[in-house]
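Take a look at the structure below.
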Amino acid sequence: MKNKLVEHVYIHIPFCLRKCGYCSFYSERFSLEKKRNYLRFLRKEIALRQQNLELKPKTIYLGGGTPSLLSAKDINSITDCFDLFQIEEITLETNPISINKDYAKDIAAIPVSRISLGIQSFKDEELKLLGRLHNSAQAETAYEILREIGFNNISLDLMYGLPNQTLEDLQFSIDKFIELAPDHISTYCLSLADDVPLYPLKSQIPMDEIVSDFYFLIREKLLDAGYVQYEISNFAKPEFESKHNLCYWDDKSYLGLGPAAAGYLNNARYTNPSDFDKYFQLIQSKQILKNLEKLNTEDHEKEFIFLSLRKTEGMNLKEFKLKFKMDFLKKYQKSVVKFQQQNLLEIENDFIRLTPDAYFVSNEIFAEFM
Ligand code: SF4
């Protein structure tokens, strides 16, 4: 049987120096010993998964956790496991406190082409509340160092909807982001799971109508500043869209590596265990390859709708027909007409897409197709 071609790889680096108060991602407290051990198992996982795949990465995304706790040599020891002959983008998520001139120089000398910098806010009170380790001055310095060293594809994270946040607070951060002129901005609306330390502050998160105003303020300011919105939460200067993240919304196969990483191979999903010991055991026993859950056509169709409609270009109706052997507009005629009348969906040429009015309430629209 021909091996499945996979062109996108996500690698989870599950370490942080300290847990932020809102974070639900899997990560452990960093230690050199844990890191060394983890990298050994990660390389084993890569070797195991390569056996069944034709792996030709176009994009690699090192996410976390805090991937910038890895040295350039560590990162190289991971990327060296892949044949990079057609690589287009390697993203490294970084924490502002990891960035100094020496580190920036080191990572500029390896094949990392894109930096995602977890700034979140330029208000020190907000950063403190979130439990971030950096302050606004450190964030700005980190950004400037990366630019000075020559990184020409930098994405910044901006968080909104924080407890007691005002429009003015948010405006302050947005203005600072725009002043720095990164190539890409990812926005995140804070949500607090019931097991995170900040959960008791959930009631202080502004009401939905206000958070919606926050979202549209960000959108308006970034569009005015020349950014293109290509996904509900993502903005880029022309041609600086995240190639890796587009693979998720484009229904492409991707490999997920490391604890808690999710993968999607040939319409089958898997998620590695969010626990070091279980992860190590599954690799030792080679059972890690058996954790696949095949999506049935109905589930695949729902995912395709949900993910495609997140893109501002929308869902290609011809592609839908080709994949699922049915006409989307016929199948969902009632819902489509309803949302068109409410000016929440529009159809143009072969695409159906959310209108901007729908972006903040997109989940309610997706639910209708689920
Ligand atoms: S640095 Fe990122 S992954 Fe680590 S605790 Fe904070 S938000 Fe979570």
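Letters A, B, ... go to the chains of the structure tokens in the order shown; residues in each chain start at 1; ligands are counted from 1 in the same order.
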Could you report the residues within 9 Å of ligand 1, using only C-alpha atoms and all ligand atoms, as an MDAnalysis selection string?
chainID A and resid 13:28 63:66 94:95 118 130:133
Excluding same-chain residues fewer than 3 positions from segment 335-342 of chain A, what lies within 12 Å of it counting only C-alpha atoms, as an MDAnalysis selection string?
chainID A and resid 328:332 345:348 352:355 357:358 361:362 364:370
The selected residues should be written to file as a short mmCIF file (atom, residue, chain, number, x, y, z; two decimals), in the first residue's frame (atoms: N, CA, C and O atoms).
```cif
data_model
loop_
_atom_site.label_atom_id
_atom_site.label_comp_id
_atom_site.auth_asym_id
_atom_site.auth_seq_id
_atom_site.Cartn_x
_atom_site.Cartn_y
_atom_site.Cartn_z
N PHE A 328 -24.06 21.10 -1.14
CA PHE A 328 -24.20 21.74 0.17
C PHE A 328 -25.45 22.61 0.21
O PHE A 328 -26.22 22.59 1.18
N LEU A 329 -25.67 23.40 -0.86
CA LEU A 329 -26.78 24.36 -0.84
C LEU A 329 -28.13 23.67 -0.81
O LEU A 329 -29.09 24.18 -0.26
N LYS A 330 -28.18 22.47 -1.42
CA LYS A 330 -29.44 21.71 -1.37
C LYS A 330 -29.63 21.12 0.02
O LYS A 330 -30.69 21.22 0.62
N LYS A 331 -28.57 20.52 0.53
CA LYS A 331 -28.69 19.83 1.82
C LYS A 331 -29.05 20.80 2.95
O LYS A 331 -29.83 20.48 3.83
N TYR A 332 -28.43 21.98 2.93
CA TYR A 332 -28.64 22.92 4.04
C TYR A 332 -29.45 24.15 3.63
O TYR A 332 -29.31 25.22 4.22
N LEU A 345 -24.51 35.02 6.27
CA LEU A 345 -23.83 34.18 5.28
C LEU A 345 -24.00 34.81 3.92
O LEU A 345 -25.04 35.42 3.64
N GLU A 346 -22.98 34.65 3.07
CA GLU A 346 -23.14 35.14 1.69
C GLU A 346 -22.52 34.13 0.73
O GLU A 346 -21.62 33.37 1.11
N ILE A 347 -23.02 34.15 -0.50
CA ILE A 347 -22.51 33.23 -1.51
C ILE A 347 -22.00 34.06 -2.67
O ILE A 347 -22.67 35.00 -3.13
N GLU A 348 -20.78 33.74 -3.09
CA GLU A 348 -20.22 34.47 -4.23
C GLU A 348 -19.41 33.49 -5.05
O GLU A 348 -18.55 32.78 -4.50
N ILE A 352 -19.12 29.88 -0.26
CA ILE A 352 -20.07 30.37 0.74
C ILE A 352 -19.24 30.80 1.94
O ILE A 352 -18.28 30.11 2.32
N ARG A 353 -19.55 31.96 2.47
CA ARG A 353 -18.72 32.46 3.57
C ARG A 353 -19.55 33.21 4.60
O ARG A 353 -20.67 33.67 4.30
N LEU A 354 -18.98 33.31 5.81
CA LEU A 354 -19.60 34.14 6.83
C LEU A 354 -19.43 35.60 6.42
O LEU A 354 -18.40 35.95 5.83
N THR A 355 -20.39 36.43 6.76
CA THR A 355 -20.16 37.87 6.59
C THR A 355 -19.45 38.34 7.87
O THR A 355 -19.52 37.67 8.91
N ASP A 357 -20.37 40.33 10.03
CA ASP A 357 -21.32 40.38 11.16
C ASP A 357 -21.37 39.06 11.91
O ASP A 357 -21.77 39.01 13.07
N ALA A 358 -21.02 37.98 11.20
CA ALA A 358 -21.15 36.65 11.80
C ALA A 358 -19.89 36.21 12.54
O ALA A 358 -19.92 35.20 13.25
N VAL A 361 -20.13 35.58 16.24
CA VAL A 361 -21.15 34.59 16.66
C VAL A 361 -21.04 33.34 15.80
O VAL A 361 -22.01 32.60 15.62
N SER A 362 -19.83 33.10 15.28
CA SER A 362 -19.66 32.01 14.32
C SER A 362 -20.07 30.66 14.89
O SER A 362 -20.65 29.83 14.19
N GLU A 364 -22.46 29.87 16.79
CA GLU A 364 -23.90 29.65 16.68
C GLU A 364 -24.28 29.22 15.26
O GLU A 364 -25.18 28.42 15.06
N ILE A 365 -23.56 29.77 14.30
CA ILE A 365 -23.85 29.40 12.91
C ILE A 365 -23.35 27.98 12.62
O ILE A 365 -24.06 27.16 12.04
N PHE A 366 -22.13 27.69 13.09
CA PHE A 366 -21.59 26.34 12.86
C PHE A 366 -22.53 25.29 13.47
O PHE A 366 -22.73 24.23 12.91
N ALA A 367 -23.10 25.62 14.64
CA ALA A 367 -23.94 24.65 15.34
C ALA A 367 -25.11 24.20 14.46
O ALA A 367 -25.55 23.05 14.53
N GLU A 368 -25.58 25.09 13.62
CA GLU A 368 -26.71 24.78 12.74
C GLU A 368 -26.35 23.69 11.71
O GLU A 368 -27.20 22.97 11.24
N PHE A 369 -25.05 23.60 11.40
CA PHE A 369 -24.63 22.60 10.40
C PHE A 369 -24.09 21.33 11.06
O PHE A 369 -23.63 20.43 10.39
N MET A 370 -24.09 21.30 12.39
CA MET A 370 -23.44 20.17 13.08
C MET A 370 -24.44 19.05 13.39
O MET A 370 -25.56 19.22 13.60
#
```
Listing only residues of segment 235-338 of chain A within 8 Å of segment 5-11 of chain A, what is the closest atom pair and its distance in Å (to one decimal) for each, using only C-alpha atoms, sorted by chain and residue number ascending, as a Markdown table?
```
| residue | atom | partner | partner_atom | distance |
| --- | --- | --- | --- | --- |
| A:His244 | CA | A:His8 | CA | 6.7 |
| A:Cys247 | CA | A:His8 | CA | 7.2 |
| A:Ser253 | CA | A:Val6 | CA | 5.9 |
| A:Tyr254 | CA | A:His8 | CA | 4.7 |
| A:Leu255 | CA | A:Val9 | CA | 4.7 |
| A:Gly256 | CA | A:Tyr10 | CA | 4.8 |
| A:Leu257 | CA | A:Ile11 | CA | 4.7 |
| A:Gly258 | CA | A:Ile11 | CA | 6.0 |
| A:Ala261 | CA | A:Ile11 | CA | 7.0 |
| A:Gly263 | CA | A:Tyr10 | CA | 8.0 |
| A:Leu265 | CA | A:Val6 | CA | 7.6 |
```
Saved selection, atoms kept: N, CA and C atoms, as a short mmCIF file (atom, residue, chain, number, x, y, z; two decimals), in the first residue's frame:
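Okay, this is what ended up in result38.cif:
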```cif
data_model
loop_
_atom_site.label_atom_id
_atom_site.label_comp_id
_atom_site.auth_asym_id
_atom_site.auth_seq_id
_atom_site.Cartn_x
_atom_site.Cartn_y
_atom_site.Cartn_z
N HIS A 244 1.24 27.10 7.94
CA HIS A 244 0.95 25.92 8.75
C HIS A 244 -0.51 25.94 9.22
N CYS A 247 -3.19 24.84 6.91
CA CYS A 247 -3.37 23.40 6.63
C CYS A 247 -4.52 22.84 7.47
N SER A 253 -3.84 16.82 5.71
CA SER A 253 -3.29 15.91 6.72
C SER A 253 -2.13 16.59 7.45
N TYR A 254 -2.00 16.31 8.73
CA TYR A 254 -0.84 16.80 9.47
C TYR A 254 -0.47 15.80 10.56
N LEU A 255 0.81 15.82 10.84
CA LEU A 255 1.33 14.93 11.87
C LEU A 255 1.44 15.73 13.16
N GLY A 256 0.98 15.17 14.27
CA GLY A 256 1.15 15.82 15.57
C GLY A 256 2.11 14.98 16.38
N LEU A 257 3.12 15.61 16.95
CA LEU A 257 4.15 14.87 17.69
C LEU A 257 4.30 15.42 19.09
N GLY A 258 4.54 14.52 20.04
CA GLY A 258 4.74 14.94 21.43
C GLY A 258 3.48 14.76 22.23
N ALA A 261 -0.25 16.25 21.62
CA ALA A 261 -0.35 16.71 20.23
C ALA A 261 -1.43 15.90 19.51
N GLY A 263 -3.07 14.77 15.71
CA GLY A 263 -2.72 14.61 14.30
C GLY A 263 -3.96 14.24 13.50
N LEU A 265 -4.56 12.22 9.86
CA LEU A 265 -3.91 11.51 8.76
C LEU A 265 -4.96 10.76 7.96
#
```
Option closest in space to Arg40 of chain A, from A:Gln284, A:Ser98, A:Ser274, A:Asn267 [counting only C-alpha atoms]:
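Nearest candidate to Arg40 of chain A out of A:Gln284, A:Ser98, A:Ser274, A:Asn267: A:Gln284.
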List the neighbours of segment 47-57 of chain A out to 8 Å using only C-alpha atoms; skip same-chain residues closer than 4 positions along the sequence, and give me the result as a list in words.
Asn3, Lys4, Leu5, Val6, Glu7, His8, Val9, Arg43, Cys81, Phe82, Asp83, Leu84, Phe85, Gln86, Ile87, Lys286 and Leu289 of chain A
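Separating atom CA of Lys123 of chain A from atom CA of Ser68 of chain A is a distance of 22.7 Å.
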Mind the document's chain letters and residue numbers, and return as a PyMOL selection string the residues of segment 160-297 of chain A that DSSP labels alpha helix (DSSP H).
chain A and resi 167-180+208-224+243-249+276-284+297
I'd like the interatomic distance between atom CA of Leu246 of chain A and atom CA of Ile185 of chain A, to a tenth of an Å.
14.3 Å
Can you tell me, as a PyMOL selection string, what residues are no more than 10 Å from Ser191 of chain A when counting only C-alpha atoms, ignoring any on the same chain fewer than 3 positions away?
chain A and resi 22-24+160-162+188+194+198-199+202+205
Between atom CA of Ser212 of chain A and atom CA of Leu190 of chain A, distance in Å (one decimal)
12.3 Å
Identify, on the basis of only C-alpha atoms, every residue whose closest approach to segment 308-314 of chain A does not exceed 6 Å; exclude the query and any residue fewer than 5 positions from it along the same chain; express the result as number ranges by chain.
A: 230-232, 249, 351-353
Could you write out the selected residues, including C-alpha atoms, as an mmCIF file, in the first residue's frame?
```
data_model
loop_
_atom_site.group_PDB
_atom_site.id
_atom_site.type_symbol
_atom_site.label_atom_id
_atom_site.label_comp_id
_atom_site.auth_asym_id
_atom_site.auth_seq_id
_atom_site.Cartn_x
_atom_site.Cartn_y
_atom_site.Cartn_z
ATOM 1 C CA TYR A 230 -7.814 35.644 6.433
ATOM 2 C CA GLU A 231 -9.436 33.745 9.292
ATOM 3 C CA ILE A 232 -11.852 34.711 12.057
ATOM 4 C CA TRP A 249 -8.552 25.015 7.895
ATOM 5 C CA PHE A 351 -17.772 30.093 -2.237
ATOM 6 C CA ILE A 352 -20.068 30.366 0.735
ATOM 7 C CA ARG A 353 -18.717 32.460 3.571
#
```
Between A:Asp74, A:Asp250, A:Asp275, A:Glu239, which one has atoms that come closest to Phe304 of chain A, using only C-alpha atoms?
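Using only C-alpha atoms, the shortest distance to Phe304 of chain A belongs to A:Asp250.
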Compile the contact shell of Pro259 of chain A as a PDB file with N, CA, C and O atoms, in the first residue's frame: residues with an atom at most 7 Å away, counting only C-alpha atoms, same-chain residues fewer than 6 positions apart removed.
```pdb
ATOM      1  N   HIS A  12       4.746  19.389  19.730  1.00  0.00           N
ATOM      2  CA  HIS A  12       4.426  20.028  21.013  1.00  0.00           C
ATOM      3  C   HIS A  12       5.645  19.972  21.932  1.00  0.00           C
ATOM      4  O   HIS A  12       6.213  18.902  22.151  1.00  0.00           O
ATOM      5  N   ASN A 272      -2.178  12.295  21.166  1.00  0.00           N
ATOM      6  CA  ASN A 272      -1.240  11.634  22.074  1.00  0.00           C
ATOM      7  C   ASN A 272      -1.631  11.943  23.518  1.00  0.00           C
ATOM      8  O   ASN A 272      -2.218  12.996  23.796  1.00  0.00           O
ATOM      9  N   PRO A 273      -1.283  11.038  24.453  1.00  0.00           N
ATOM     10  CA  PRO A 273      -1.678  11.279  25.847  1.00  0.00           C
ATOM     11  C   PRO A 273      -1.034  12.536  26.432  1.00  0.00           C
ATOM     12  O   PRO A 273       0.111  12.853  26.115  1.00  0.00           O
ATOM     13  N   SER A 274      -1.806  13.220  27.272  1.00  0.00           N
ATOM     14  CA  SER A 274      -1.300  14.439  27.923  1.00  0.00           C
ATOM     15  C   SER A 274      -0.604  14.057  29.225  1.00  0.00           C
ATOM     16  O   SER A 274      -0.996  14.502  30.312  1.00  0.00           O
ATOM     17  N   ASP A 275       0.374  13.229  29.118  1.00  0.00           N
ATOM     18  CA  ASP A 275       1.046  12.728  30.314  1.00  0.00           C
ATOM     19  C   ASP A 275       2.361  12.096  29.845  1.00  0.00           C
ATOM     20  O   ASP A 275       2.349  11.228  28.971  1.00  0.00           O
ATOM     21  N   PHE A 276       3.466  12.563  30.428  1.00  0.00           N
ATOM     22  CA  PHE A 276       4.768  12.073  29.976  1.00  0.00           C
ATOM     23  C   PHE A 276       4.885  10.557  30.063  1.00  0.00           C
ATOM     24  O   PHE A 276       5.283   9.904  29.114  1.00  0.00           O
ATOM     25  N   TYR A 279       2.862   8.708  27.553  1.00  0.00           N
ATOM     26  CA  TYR A 279       3.430   8.972  26.220  1.00  0.00           C
ATOM     27  C   TYR A 279       4.685   8.109  26.005  1.00  0.00           C
ATOM     28  O   TYR A 279       4.828   7.435  24.980  1.00  0.00           O
TER      29      TYR A 279
END
```
Write out as number ranges by chain all residues of segment 109-345 of chain A that DSSP puts in strand (DSSP E or B) for this structure's backbone.
A: 114-120, 154-160, 184-189, 228-231, 234-236, 254-257, 262-265, 268-271, 293-294, 311, 315-316, 345
Write out as JSON, numbers by chain the residues lying within 12 Å of Ile210 of chain A, counting only C-alpha atoms and excluding same-chain residues fewer than 6 positions away.
{"A": [160, 161, 162, 163, 164, 165, 166, 167, 170, 189, 216, 217, 360]}
Keeping only N, CA, C and O atoms, write those residues as a compact mmCIF listing (two decimals), in the first residue's frame.
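Produced file out-v2.txt, reproduced below:
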```
# COMPACT_ATOMS: atom_id res chain seq x y z
N TYR A 160 -7.72 39.28 24.25
CA TYR A 160 -8.74 40.27 24.65
C TYR A 160 -9.84 39.57 25.45
O TYR A 160 -9.88 38.35 25.52
N GLY A 161 -10.69 40.41 26.05
CA GLY A 161 -11.76 39.84 26.88
C GLY A 161 -11.23 39.43 28.24
O GLY A 161 -11.68 38.45 28.83
N LEU A 162 -10.26 40.22 28.77
CA LEU A 162 -9.67 39.88 30.07
C LEU A 162 -10.56 40.42 31.19
O LEU A 162 -11.34 41.36 30.98
N PRO A 163 -10.45 39.85 32.40
CA PRO A 163 -11.27 40.34 33.50
C PRO A 163 -11.11 41.86 33.67
O PRO A 163 -9.98 42.37 33.70
N ASN A 164 -12.23 42.55 33.73
CA ASN A 164 -12.29 44.01 33.93
C ASN A 164 -11.60 44.83 32.84
O ASN A 164 -11.33 46.02 33.03
N GLN A 165 -11.32 44.23 31.72
CA GLN A 165 -10.67 44.99 30.63
C GLN A 165 -11.64 46.03 30.08
O GLN A 165 -12.84 45.77 29.97
N THR A 166 -11.11 47.21 29.76
CA THR A 166 -11.95 48.24 29.14
C THR A 166 -11.53 48.41 27.68
O THR A 166 -10.44 47.95 27.28
N LEU A 167 -12.37 49.10 26.93
CA LEU A 167 -12.06 49.35 25.53
C LEU A 167 -10.74 50.15 25.41
O LEU A 167 -9.93 49.91 24.52
N LEU A 170 -7.70 47.90 25.87
CA LEU A 170 -7.44 47.11 24.67
C LEU A 170 -6.86 47.99 23.57
O LEU A 170 -5.90 47.62 22.89
N CYS A 189 -9.56 35.29 22.28
CA CYS A 189 -10.52 35.75 23.28
C CYS A 189 -10.31 34.87 24.52
O CYS A 189 -10.36 33.64 24.41
N PHE A 216 -14.50 43.66 17.36
CA PHE A 216 -14.66 44.49 16.16
C PHE A 216 -13.73 45.71 16.19
O PHE A 216 -13.34 46.21 15.13
N LEU A 217 -13.34 46.14 17.38
CA LEU A 217 -12.34 47.22 17.46
C LEU A 217 -10.99 46.71 16.91
O LEU A 217 -10.32 47.39 16.12
N PHE A 360 -18.18 37.09 15.13
CA PHE A 360 -18.13 36.91 16.59
C PHE A 360 -19.16 35.89 17.09
O PHE A 360 -19.06 35.41 18.21
```
